[in-house]
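One structure below.
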Amino acid sequence: DAKTTQPTSMDCAEGRAANLPCNHSTISGNEYVYWYRQIHSQGPQYIIHGLKNNETNEMASLIITEDRKSSTLILPHATLRDTAVYYCIVRGGGADGLTFGKGTHLIIQP
Amino acid sequence: NAGVTQTPKFRILKIGQSMTLQCTQDMNHNYMYWYRQDPGMGLKLIYYSVGAGITDKGEVPNGYNVSRSTTEDFPLRLELAAPSQTSVYFCASSYSSPWGNQPQHFGDGTRLSIL
């Protein structure tokens with residue numbers, strides 16, 4: 001699976017949009033971009049995933065660049081409960097597990 | 001839906017003791033996984049299973065064993081507990097699909113200390 005690079009930490013004001021970047025310049029054609037988050041040592045929570053088109057669900061939006069070498073997770077109206085470590089993971093098909101890096105620690109400020 | 005259920009939530013073991021971490025899911029998922037997470041680090045894959053009777057090693061399998069006799073259950077066995085196995089253990093499951101890309105659903109973890 002391709003390696004990803006994320007900032008170590010980010011701050012965002014409550015109510016504003018949180019934009020979390022991820023670089024995955026070695027992504028291959030059949031690999032998806034996944035985002036998970038982990039709140040205070042709970043089990044990771046799936047947020048969203050995509051291949052090449054932008055995706056939106058009730059939690060977030062995922063913007064993938066046309067060359068697929070980077071992506072941005074957008075939390076449209078961040079709340080204090082969104083404070084967590086966010087993991088960007090690139091993964092192909094099959095049953096293999098997820099490869100977690102250190103992620104981005106997002107802190108939502110009141 | 002209960003989702004992925006792990007027991008126990010906390011456990012303290014002495015060096016050399018053995019124990020089994022339980023994981024069960026009620027979503028009829030074929031794929032199941034065990035991860036460990038050390039402080040300040042991301043999760044690392046221990047073992048995984050694509051269905052009943054089939055298991056495979058992940059990145060850090062040494063010191064652990066698994067079995068998968070049913071679709072629902074995927075227990076993780078520590079035979080001779082060592083301090084290096086002090087960690088938080090997460091179980092996860094997912095659907096299989098022709099495209100192979102389905103999100104994993106995680107349990108709340110088992111916090112294990114070896115003293």
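Chain lettering (A, B, ...) mirrors the order of the structure tokens, residue numbering begins at 1 for each chain separately, and ligand numbering begins at 1 in order of display.
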
Please list as a ChimeraX atom specification every residue within 10 Å of Met59 (chain A), counting only C-alpha atoms and excluding residues in the same chain fewer than 3 positions away.
/A:46-48,56,74-77

Near chain A, 7 Å: chain B residue rows, closest pairs, only C-alpha atoms, as JSON lines:
```
{"residue": "B:Tyr31", "atom": "CA", "partner": "A:Ala95", "partner_atom": "CA", "distance": 6.8}
{"residue": "B:Tyr33", "atom": "CA", "partner": "A:Gly97", "partner_atom": "CA", "distance": 7.0}
{"residue": "B:Met41", "atom": "CA", "partner": "A:Lys102", "partner_atom": "CA", "distance": 5.8}
{"residue": "B:Gly42", "atom": "CA", "partner": "A:Phe100", "partner_atom": "CA", "distance": 5.0}
{"residue": "B:Leu43", "atom": "CA", "partner": "A:Phe100", "partner_atom": "CA", "distance": 5.5}
{"residue": "B:Lys44", "atom": "CA", "partner": "A:Thr99", "partner_atom": "CA", "distance": 7.0}
{"residue": "B:Leu45", "atom": "CA", "partner": "A:Gly97", "partner_atom": "CA", "distance": 6.3}
{"residue": "B:Val50", "atom": "CA", "partner": "A:Ala95", "partner_atom": "CA", "distance": 6.5}
{"residue": "B:Phe90", "atom": "CA", "partner": "A:Gly43", "partner_atom": "CA", "distance": 6.7}
{"residue": "B:Trp99", "atom": "CA", "partner": "A:Gly93", "partner_atom": "CA", "distance": 6.4}
{"residue": "B:Gly100", "atom": "CA", "partner": "A:Gly93", "partner_atom": "CA", "distance": 4.3}
{"residue": "B:Asn101", "atom": "CA", "partner": "A:Gly93", "partner_atom": "CA", "distance": 5.4}
{"residue": "B:Pro103", "atom": "CA", "partner": "A:Tyr46", "partner_atom": "CA", "distance": 6.5}
{"residue": "B:Gln104", "atom": "CA", "partner": "A:Tyr46", "partner_atom": "CA", "distance": 7.0}
{"residue": "B:His105", "atom": "CA", "partner": "A:Tyr46", "partner_atom": "CA", "distance": 7.0}
{"residue": "B:Phe106", "atom": "CA", "partner": "A:Gly43", "partner_atom": "CA", "distance": 5.5}
{"residue": "B:Gly107", "atom": "CA", "partner": "A:Gly43", "partner_atom": "CA", "distance": 5.6}
{"residue": "B:Asp108", "atom": "CA", "partner": "A:Gly43", "partner_atom": "CA", "distance": 4.7}
{"residue": "B:Gly109", "atom": "CA", "partner": "A:Gly43", "partner_atom": "CA", "distance": 6.1}
```

Taking N, CA, C and O atoms for each residue, export the selection above as a PDB file, in the first residue's frame.
```
ATOM      1  N   TYR B  31     -14.593 -10.751   6.798  1.00  0.00           N
ATOM      2  CA  TYR B  31     -13.227 -10.393   7.166  1.00  0.00           C
ATOM      3  C   TYR B  31     -13.185  -9.925   8.611  1.00  0.00           C
ATOM      4  O   TYR B  31     -14.015  -9.109   9.039  1.00  0.00           O
ATOM      5  N   TYR B  33     -10.137  -8.824  11.870  1.00  0.00           N
ATOM      6  CA  TYR B  33      -8.756  -8.370  12.058  1.00  0.00           C
ATOM      7  C   TYR B  33      -8.456  -8.155  13.547  1.00  0.00           C
ATOM      8  O   TYR B  33      -9.349  -7.772  14.309  1.00  0.00           O
ATOM      9  N   MET B  41       1.260   5.726  19.040  1.00  0.00           N
ATOM     10  CA  MET B  41       1.542   5.135  17.731  1.00  0.00           C
ATOM     11  C   MET B  41       0.240   4.774  17.021  1.00  0.00           C
ATOM     12  O   MET B  41      -0.829   4.730  17.617  1.00  0.00           O
ATOM     13  N   GLY B  42       0.368   4.495  15.718  1.00  0.00           N
ATOM     14  CA  GLY B  42      -0.771   3.985  14.972  1.00  0.00           C
ATOM     15  C   GLY B  42      -0.966   2.501  15.226  1.00  0.00           C
ATOM     16  O   GLY B  42      -0.170   1.857  15.901  1.00  0.00           O
ATOM     17  N   LEU B  43      -2.042   1.962  14.701  1.00  0.00           N
ATOM     18  CA  LEU B  43      -2.347   0.545  14.897  1.00  0.00           C
ATOM     19  C   LEU B  43      -1.470  -0.328  14.005  1.00  0.00           C
ATOM     20  O   LEU B  43      -1.147   0.049  12.876  1.00  0.00           O
ATOM     21  N   LYS B  44      -1.120  -1.492  14.517  1.00  0.00           N
ATOM     22  CA  LYS B  44      -0.359  -2.472  13.737  1.00  0.00           C
ATOM     23  C   LYS B  44      -1.138  -3.776  13.672  1.00  0.00           C
ATOM     24  O   LYS B  44      -1.676  -4.244  14.674  1.00  0.00           O
ATOM     25  N   LEU B  45      -1.165  -4.396  12.498  1.00  0.00           N
ATOM     26  CA  LEU B  45      -1.953  -5.599  12.267  1.00  0.00           C
ATOM     27  C   LEU B  45      -1.246  -6.822  12.832  1.00  0.00           C
ATOM     28  O   LEU B  45      -0.072  -7.069  12.528  1.00  0.00           O
ATOM     29  N   VAL B  50     -10.125 -14.198   6.537  1.00  0.00           N
ATOM     30  CA  VAL B  50     -11.071 -13.897   5.454  1.00  0.00           C
ATOM     31  C   VAL B  50     -12.326 -14.754   5.536  1.00  0.00           C
ATOM     32  O   VAL B  50     -13.237 -14.592   4.719  1.00  0.00           O
ATOM     33  N   PHE B  90      -7.266  -3.936  19.387  1.00  0.00           N
ATOM     34  CA  PHE B  90      -8.514  -3.642  18.699  1.00  0.00           C
ATOM     35  C   PHE B  90      -8.840  -4.756  17.717  1.00  0.00           C
ATOM     36  O   PHE B  90      -7.983  -5.207  16.954  1.00  0.00           O
ATOM     37  N   TRP B  99     -15.106  -5.841  -5.227  1.00  0.00           N
ATOM     38  CA  TRP B  99     -14.149  -4.760  -5.424  1.00  0.00           C
ATOM     39  C   TRP B  99     -13.141  -4.691  -4.285  1.00  0.00           C
ATOM     40  O   TRP B  99     -12.179  -3.975  -4.357  1.00  0.00           O
ATOM     41  N   GLY B 100     -13.407  -5.445  -3.214  1.00  0.00           N
ATOM     42  CA  GLY B 100     -12.432  -5.556  -2.135  1.00  0.00           C
ATOM     43  C   GLY B 100     -12.291  -4.339  -1.263  1.00  0.00           C
ATOM     44  O   GLY B 100     -11.479  -4.323  -0.358  1.00  0.00           O
ATOM     45  N   ASN B 101     -13.068  -3.307  -1.494  1.00  0.00           N
ATOM     46  CA  ASN B 101     -12.878  -2.107  -0.688  1.00  0.00           C
ATOM     47  C   ASN B 101     -14.111  -1.809   0.135  1.00  0.00           C
ATOM     48  O   ASN B 101     -15.071  -1.213  -0.347  1.00  0.00           O
ATOM     49  N   PRO B 103     -15.158  -0.489   4.237  1.00  0.00           N
ATOM     50  CA  PRO B 103     -14.575   0.039   5.472  1.00  0.00           C
ATOM     51  C   PRO B 103     -14.584  -0.987   6.593  1.00  0.00           C
ATOM     52  O   PRO B 103     -15.454  -1.854   6.646  1.00  0.00           O
ATOM     53  N   GLN B 104     -13.602  -0.880   7.474  1.00  0.00           N
ATOM     54  CA  GLN B 104     -13.541  -1.731   8.640  1.00  0.00           C
ATOM     55  C   GLN B 104     -14.249  -1.057   9.813  1.00  0.00           C
ATOM     56  O   GLN B 104     -14.176   0.148   9.990  1.00  0.00           O
ATOM     57  N   HIS B 105     -14.923  -1.894  10.597  1.00  0.00           N
ATOM     58  CA  HIS B 105     -15.627  -1.430  11.786  1.00  0.00           C
ATOM     59  C   HIS B 105     -14.886  -1.972  12.996  1.00  0.00           C
ATOM     60  O   HIS B 105     -14.626  -3.180  13.078  1.00  0.00           O
ATOM     61  N   PHE B 106     -14.571  -1.098  13.948  1.00  0.00           N
ATOM     62  CA  PHE B 106     -13.722  -1.453  15.070  1.00  0.00           C
ATOM     63  C   PHE B 106     -14.511  -1.594  16.367  1.00  0.00           C
ATOM     64  O   PHE B 106     -15.522  -0.901  16.585  1.00  0.00           O
ATOM     65  N   GLY B 107     -13.992  -2.468  17.236  1.00  0.00           N
ATOM     66  CA  GLY B 107     -14.490  -2.535  18.600  1.00  0.00           C
ATOM     67  C   GLY B 107     -13.862  -1.450  19.460  1.00  0.00           C
ATOM     68  O   GLY B 107     -13.040  -0.661  18.988  1.00  0.00           O
ATOM     69  N   ASP B 108     -14.228  -1.428  20.740  1.00  0.00           N
ATOM     70  CA  ASP B 108     -13.756  -0.387  21.655  1.00  0.00           C
ATOM     71  C   ASP B 108     -12.397  -0.706  22.281  1.00  0.00           C
ATOM     72  O   ASP B 108     -11.856   0.112  23.011  1.00  0.00           O
ATOM     73  N   GLY B 109     -11.880  -1.880  22.041  1.00  0.00           N
ATOM     74  CA  GLY B 109     -10.534  -2.210  22.491  1.00  0.00           C
ATOM     75  C   GLY B 109     -10.471  -2.930  23.817  1.00  0.00           C
ATOM     76  O   GLY B 109     -11.394  -2.869  24.638  1.00  0.00           O
TER      77      GLY B 109
END
```

Any chance you could list, as a ChimeraX atom specification, the residues in chain B that come up strand (DSSP E or B) when DSSP is run on the backbone?
/B:4-7,10-13,19-25,31-37,43-51,54-57,64-66,73,76-78,87-94,105-106,110-114

Writing out the chosen residues with C-alpha atoms as a PDB file, in the first residue's frame:
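Okay, this is what ended up in selection23.pdb:
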```pdb
ATOM      1  CA  VAL B   4     -17.933  -5.436  17.073  1.00  0.00           C
ATOM      2  CA  THR B   5     -17.808  -6.440  20.738  1.00  0.00           C
ATOM      3  CA  GLN B   6     -14.550  -7.019  22.604  1.00  0.00           C
ATOM      4  CA  THR B   7     -14.100  -8.528  26.049  1.00  0.00           C
ATOM      5  CA  PHE B  10      -9.242  -4.130  30.817  1.00  0.00           C
ATOM      6  CA  ARG B  11      -6.907  -6.826  32.066  1.00  0.00           C
ATOM      7  CA  ILE B  12      -3.693  -7.070  34.051  1.00  0.00           C
ATOM      8  CA  LEU B  13      -1.560 -10.183  33.556  1.00  0.00           C
ATOM      9  CA  MET B  19      -5.214 -15.349  28.186  1.00  0.00           C
ATOM     10  CA  THR B  20      -7.684 -15.055  25.340  1.00  0.00           C
ATOM     11  CA  LEU B  21      -9.074 -11.765  24.088  1.00  0.00           C
ATOM     12  CA  GLN B  22     -12.570 -12.245  22.750  1.00  0.00           C
ATOM     13  CA  CYS B  23     -14.032 -10.570  19.680  1.00  0.00           C
ATOM     14  CA  THR B  24     -17.463 -11.121  18.170  1.00  0.00           C
ATOM     15  CA  GLN B  25     -19.379  -9.292  15.463  1.00  0.00           C
ATOM     16  CA  TYR B  31     -13.227 -10.393   7.166  1.00  0.00           C
ATOM     17  CA  MET B  32     -11.948  -9.944  10.705  1.00  0.00           C
ATOM     18  CA  TYR B  33      -8.756  -8.370  12.058  1.00  0.00           C
ATOM     19  CA  TRP B  34      -6.690  -7.953  15.198  1.00  0.00           C
ATOM     20  CA  TYR B  35      -4.549  -4.846  15.730  1.00  0.00           C
ATOM     21  CA  ARG B  36      -2.441  -3.578  18.588  1.00  0.00           C
ATOM     22  CA  GLN B  37      -1.736   0.056  19.414  1.00  0.00           C
ATOM     23  CA  LEU B  43      -2.347   0.545  14.897  1.00  0.00           C
ATOM     24  CA  LYS B  44      -0.359  -2.472  13.737  1.00  0.00           C
ATOM     25  CA  LEU B  45      -1.953  -5.599  12.267  1.00  0.00           C
ATOM     26  CA  ILE B  46      -1.412  -8.833  14.223  1.00  0.00           C
ATOM     27  CA  TYR B  47      -3.587 -11.388  12.396  1.00  0.00           C
ATOM     28  CA  TYR B  48      -6.518 -11.388  10.049  1.00  0.00           C
ATOM     29  CA  SER B  49      -9.084 -13.842   8.693  1.00  0.00           C
ATOM     30  CA  VAL B  50     -11.071 -13.897   5.454  1.00  0.00           C
ATOM     31  CA  GLY B  51     -13.576 -16.462   6.698  1.00  0.00           C
ATOM     32  CA  ILE B  54      -8.844 -19.288   7.384  1.00  0.00           C
ATOM     33  CA  THR B  55      -6.324 -17.069   9.173  1.00  0.00           C
ATOM     34  CA  ASP B  56      -3.209 -15.211   8.107  1.00  0.00           C
ATOM     35  CA  LYS B  57      -0.343 -13.337   9.751  1.00  0.00           C
ATOM     36  CA  TYR B  64      -0.031 -14.497  19.420  1.00  0.00           C
ATOM     37  CA  ASN B  65      -2.358 -17.124  18.005  1.00  0.00           C
ATOM     38  CA  VAL B  66      -5.818 -16.905  16.500  1.00  0.00           C
ATOM     39  CA  ASP B  73     -15.982 -14.959  16.526  1.00  0.00           C
ATOM     40  CA  LEU B  76      -6.784 -13.761  20.027  1.00  0.00           C
ATOM     41  CA  ARG B  77      -4.626 -15.927  22.296  1.00  0.00           C
ATOM     42  CA  LEU B  78      -1.528 -14.839  24.225  1.00  0.00           C
ATOM     43  CA  SER B  87      -0.831  -2.521  24.584  1.00  0.00           C
ATOM     44  CA  VAL B  88      -4.378  -1.718  23.528  1.00  0.00           C
ATOM     45  CA  TYR B  89      -5.849  -4.400  21.282  1.00  0.00           C
ATOM     46  CA  PHE B  90      -8.514  -3.642  18.699  1.00  0.00           C
ATOM     47  CA  CYS B  91     -10.632  -6.074  16.747  1.00  0.00           C
ATOM     48  CA  ALA B  92     -12.245  -5.056  13.456  1.00  0.00           C
ATOM     49  CA  SER B  93     -14.440  -6.561  10.776  1.00  0.00           C
ATOM     50  CA  SER B  94     -15.581  -5.747   7.256  1.00  0.00           C
ATOM     51  CA  HIS B 105     -15.627  -1.430  11.786  1.00  0.00           C
ATOM     52  CA  PHE B 106     -13.722  -1.453  15.070  1.00  0.00           C
ATOM     53  CA  THR B 110      -9.006  -4.274  25.284  1.00  0.00           C
ATOM     54  CA  ARG B 111      -6.403  -2.528  27.436  1.00  0.00           C
ATOM     55  CA  LEU B 112      -3.853  -5.102  28.520  1.00  0.00           C
ATOM     56  CA  SER B 113      -0.990  -4.613  30.952  1.00  0.00           C
ATOM     57  CA  ILE B 114       1.686  -7.243  31.568  1.00  0.00           C
TER      58      ILE B 114
END
```

Check the smallest atom-to-atom distance from each of B:Lys9, B:Tyr95, B:Ser67, B:Pro83 to Asn28 (chain B) using only C-alpha atoms, then report the winner.
B:Tyr95

Please provide as a PyMOL selection string all residues within 8 Å of Thr4 (chain A), with the sequence filter that same-chain residues fewer than 5 positions apart are discarded (counting only C-alpha atoms).
chain A and resi 22-25+88-90+101

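One distance worth recording is that between CA of Ser69 (chain B) and CA of Asp26 (chain B), which is 14.9 Å.
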
Any idea what the distance is between CA of Gly15 (chain A) and CA of Ala78 (chain A)?
5.0 Å

Need to verify the contact set: Leu20 (chain A), 10 Å, only C-alpha atoms, exclusion of same-chain residues closer than 3 positions in sequence. Can you return it as a ChimeraX atom specification?
/A:6-7,9-10,17,62,71-75,86-88,104-106

Serialized selection, N, CA and C atoms, as a compact mmCIF listing (two decimals), in the first residue's frame:
```
# COMPACT_ATOMS: atom_id res chain seq x y z
N GLN A 6 0.98 13.21 6.54
CA GLN A 6 0.00 14.13 7.12
C GLN A 6 0.70 15.05 8.12
N PRO A 7 0.18 16.26 8.32
CA PRO A 7 0.75 17.11 9.38
C PRO A 7 0.52 16.45 10.73
N SER A 9 -0.13 17.92 13.67
CA SER A 9 -1.26 18.48 14.41
C SER A 9 -1.81 19.71 13.69
N MET A 10 -3.06 20.01 14.00
CA MET A 10 -3.75 21.18 13.44
C MET A 10 -4.75 21.69 14.45
N ALA A 17 -14.87 25.34 9.17
CA ALA A 17 -14.54 24.12 8.44
C ALA A 17 -13.11 23.69 8.77
N LEU A 62 -14.65 14.50 0.99
CA LEU A 62 -13.31 14.11 0.59
C LEU A 62 -13.04 14.67 -0.79
N SER A 71 -5.03 14.55 -1.12
CA SER A 71 -6.46 14.67 -0.85
C SER A 71 -6.66 15.55 0.37
N THR A 72 -7.89 16.00 0.56
CA THR A 72 -8.25 16.81 1.71
C THR A 72 -9.55 16.31 2.29
N LEU A 73 -9.55 16.09 3.58
CA LEU A 73 -10.78 15.76 4.30
C LEU A 73 -11.35 17.05 4.86
N ILE A 74 -12.62 17.29 4.63
CA ILE A 74 -13.26 18.52 5.10
C ILE A 74 -14.38 18.17 6.08
N LEU A 75 -14.24 18.68 7.31
CA LEU A 75 -15.33 18.63 8.28
C LEU A 75 -16.01 19.98 8.22
N TYR A 86 -6.76 11.96 13.20
CA TYR A 86 -7.34 11.61 11.90
C TYR A 86 -6.27 10.90 11.06
N TYR A 87 -6.64 9.73 10.55
CA TYR A 87 -5.71 8.91 9.78
C TYR A 87 -6.14 8.87 8.32
N CYS A 88 -5.21 9.18 7.44
CA CYS A 88 -5.39 9.04 6.00
C CYS A 88 -4.68 7.75 5.60
N THR A 104 -3.01 12.91 11.99
CA THR A 104 -3.05 14.32 12.36
C THR A 104 -3.91 14.49 13.60
N HIS A 105 -3.33 15.09 14.63
CA HIS A 105 -4.11 15.40 15.83
C HIS A 105 -4.83 16.72 15.60
N LEU A 106 -6.13 16.66 15.39
CA LEU A 106 -6.95 17.84 15.17
C LEU A 106 -7.54 18.30 16.49
```

Of the residues B:Lys14, B:Glu72, B:Gly58, B:Gly40, which is the one nearest to Met27 (chain B), using only C-alpha atoms?
B:Glu72

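Our summary of the geometry notes that CA of Thr8 (chain A) is positioned 23.6 Å from CA of Glu59 (chain B).
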